[in-house]
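A quick write-up on the structure given underneath.
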Amino acid sequence: MSESDRRVPSRPKARSAYSHCGYTAAMTETAFWILTALAAGRRHGYALLSDVERLSSGSVKLRVTTLYASLERLEREGVIRSAGDAIVDGRVRRYYEIVDRGRDDLRREADRLTARATAARASMAQAPTSRPLPAVSTATA
Amino acid sequence: MTVRSRSRYERLLRWYPARWRRLHAAVVLDTLEEHAEASGQASPTLGEAWSLGAHGLAERASPGVVMVGAILGMLLGSAPVIVLFSGAMTDDPWLLGLRVVAQFIGTLLVSTAAGALLLRAGRINAEPALVAWVLSVAAWTMGGAAVASWGVGFSEADAGATRSWFGEATWVFAGGAWLFGTGALAVVAFCVLRAVPSRTLRAIFSVLLAVPGTIALGVALAMQPALVLAGAAVVMVLAGFQLREGSARAHRRARVPGVLLPVQRRRISVTAAVRQCSGLGVRCSLLPGASGFRASVTQQTRCAAASSADRWWRSLLSQPALRSCSAVVGAARSDPQS
């Protein structure tokens with residue numbers, strides 16, 4: 001059996017919603033937190049608002065309008081999809097779920113952030129420990 | 001939440017297009033209601049009202065609207081070029097005013113269309129986009145007034161007449177255009193430069209870009225009005241890509257089992273109705289035969305007629321236009337969720 005025959009056929013790589021003509025743009029912070037919340041399972045709009053605030057430790061507080069505009073854009077880009085409506089306590093709730101392409105994008109973004117953090121930690125580890133500088137004697141003529 | 005508060009939210013949702021409201025208004029309204037109850041709000045805040053207005057207007061900026069805006073901008077922006085080449089350049093202040101108004105409305109339309117593209121791509125949020133748009137309207141108005149004032153002042157000086165306030169206010173208008181334009185460009189740059197982690201640094205970079213950028217843009221457009229046409233062409237190409245993507249998405253959606261587009265639903269309804277009518281016709285044509293020639297028309301003959309009608313329908317459904325329709329019906333039937 002040749003080398004090429006032994007190769008495990010890999011899954012076709014999904015095109016990222018953030019790559020255009022070979023350039024990969026960073027995911028927006030809102031998109032990152034929405035996808036992170038949806039990665040745990042399907043959620044409705046209000047649950048996403050609370051989850052994003054909780055997951056980002058309160059640093060990201062989305063408005064309802066921003067949330068739905070982002071959800072629409074992510075749905076248009078094919079990274080999430082609507083998973084049906086339900087009426088709970090007399091209120092209409094629309095559920096959303098992440099699709100494979102969105103999961104791939106989120107994984108790629110998480111890898112990118114991890115690589116940055118690793119580089120920063122490695123760079124900090126290389127720095128010499130703070131020691132007092134040796135005294136420099138100046139000779140006067 | 002009180003009924004009054006809900007009706008206020010409903011009124012604010014009118015900023016969104018009617019089609020959007022039909023699809024999403026109930027869900028968004030209930031989420032707004034839930035959020036207001038959780039945060040103890042009795043009515044929409046000023047921030048919410050601004051946000052709903054901004055997002056509603058942003059929702060109206062579809063690729064089709066952007067394309068129309070860019071085409072109109074190109075037509076209006078080409079006014080000075082047409083005037084120049086047709087030899088209709090006169091010193092009539094009304095004609096000059098008309099040309100300047102057309103040119104600057106065209107430029108405003110093209111810049112608005114370009115901003116809408118950034119908005120749809122998620123590079124700018126709706127709230128800052130609305131701020132930038134308001135500032136850009138002020139900037140282009142002031143810019144147009146500065147060019148008109150320059151022309152009037154020049155004509156007055158040429159004729160040796162007393163200078164009017166409008167003719168003398170060129171630099172005031174130009175300064176105003178620069179100030180508002182810097183504000184608009186700085187807001188856009190601040191949103192686009194989100195890769196810069198520090199907000200202070202991003203604000204400094206944005207202002208540093210916007211201050212000379214506005215002067216360069218204003219001077220370039222005043223010297224070379226045909227630049228608007230190039231800008232409009234770029235916007236049209238990008239809007240064309242977005243329109244094509246939207247159309248491709250609709251086709252991809254059409255391939256998902258159980259999800260039918262309105263046009264497919266109509267096609268299926270028409271086909272089913274025609275089939276029913278035709279089937280009834282075949283049966284009606286068999287009935288006189290059954291009554292008049294009961295002895296000669298056997299069950300076998302009826303079956304043969306029915307099967308020939310079915311064959312005819314199958315051949316009709318194999319036509320390219322109806323093949324996709326029958327495939328979609330099959331897929332929808334086979335999908336247990338549909």
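Following the order of the structure tokens, chains are lettered A, B, ..., residues in each are numbered from 1, and ligands are numbered from 1.
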Note to self: Based on the backbone DSSP call, show me all residues of region 23-55 of chain A assigned strand (DSSP E or B), as a list of chain:residue names.
What the structure shows: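 Output for region 23-55 of chain A, strand (DSSP E or B) only: A:Tyr23, A:Thr24, A:Arg43, A:His44.
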Write the residues of the preceding selection, restricted to N, CA, C and O atoms, as a PDB file, in the first residue's frame.
```
ATOM      1  N   TYR A  23      -7.195  36.447   3.298  1.00  0.00           N
ATOM      2  CA  TYR A  23      -6.993  37.230   4.515  1.00  0.00           C
ATOM      3  C   TYR A  23      -8.052  36.832   5.525  1.00  0.00           C
ATOM      4  O   TYR A  23      -9.242  36.815   5.213  1.00  0.00           O
ATOM      5  N   THR A  24      -7.602  36.468   6.713  1.00  0.00           N
ATOM      6  CA  THR A  24      -8.555  36.070   7.735  1.00  0.00           C
ATOM      7  C   THR A  24      -8.728  37.198   8.741  1.00  0.00           C
ATOM      8  O   THR A  24      -7.787  37.549   9.453  1.00  0.00           O
ATOM      9  N   ARG A  43     -29.832  28.120  22.453  1.00  0.00           N
ATOM     10  CA  ARG A  43     -30.267  29.130  23.421  1.00  0.00           C
ATOM     11  C   ARG A  43     -31.283  30.060  22.749  1.00  0.00           C
ATOM     12  O   ARG A  43     -31.227  30.254  21.544  1.00  0.00           O
ATOM     13  N   HIS A  44     -32.131  30.681  23.570  1.00  0.00           N
ATOM     14  CA  HIS A  44     -33.010  31.728  23.027  1.00  0.00           C
ATOM     15  C   HIS A  44     -32.392  33.086  23.310  1.00  0.00           C
ATOM     16  O   HIS A  44     -31.386  33.181  24.033  1.00  0.00           O
TER      17      HIS A  44
END
```
Check: What lies within 10 Å of region 38-41 of chain B using only C-alpha atoms, ignoring chain neighbours under 4 positions off, as a PyMOL selection string?
Finding: chain B and resi 1+5+32-34+45
For the contact check between chain A and chain B, emit one row per residue of chain A within 7 Å, containing the shortest atom pair and the distance in Å rounded to one decimal, counting only C-alpha atoms, chain then rising number order, as a tab-separated table.
```
residue	atom	partner	partner_atom	distance
A:Gly45	CA	B:Thr31	CA	6.7
A:Tyr46	CA	B:Thr31	CA	5.8
A:Val64	CA	B:Leu32	CA	6.4
A:Thr65	CA	B:Leu52	CA	6.3
A:Arg91	CA	B:Asp30	CA	5.8
A:Val92	CA	B:Val27	CA	5.3
A:Arg93	CA	B:Val27	CA	5.9
A:Arg94	CA	B:Val27	CA	6.5
```
Margin query: If we count only C-alpha atoms and set the cut-off at 12 Å, which residues sit around Ala138 (chain B), ignoring sequence neighbours fewer than 3 positions away in its own chain? Please answer as a PyMOL selection string.
Written below: chain B and resi 104-105+108+131-135+141-145+173-184
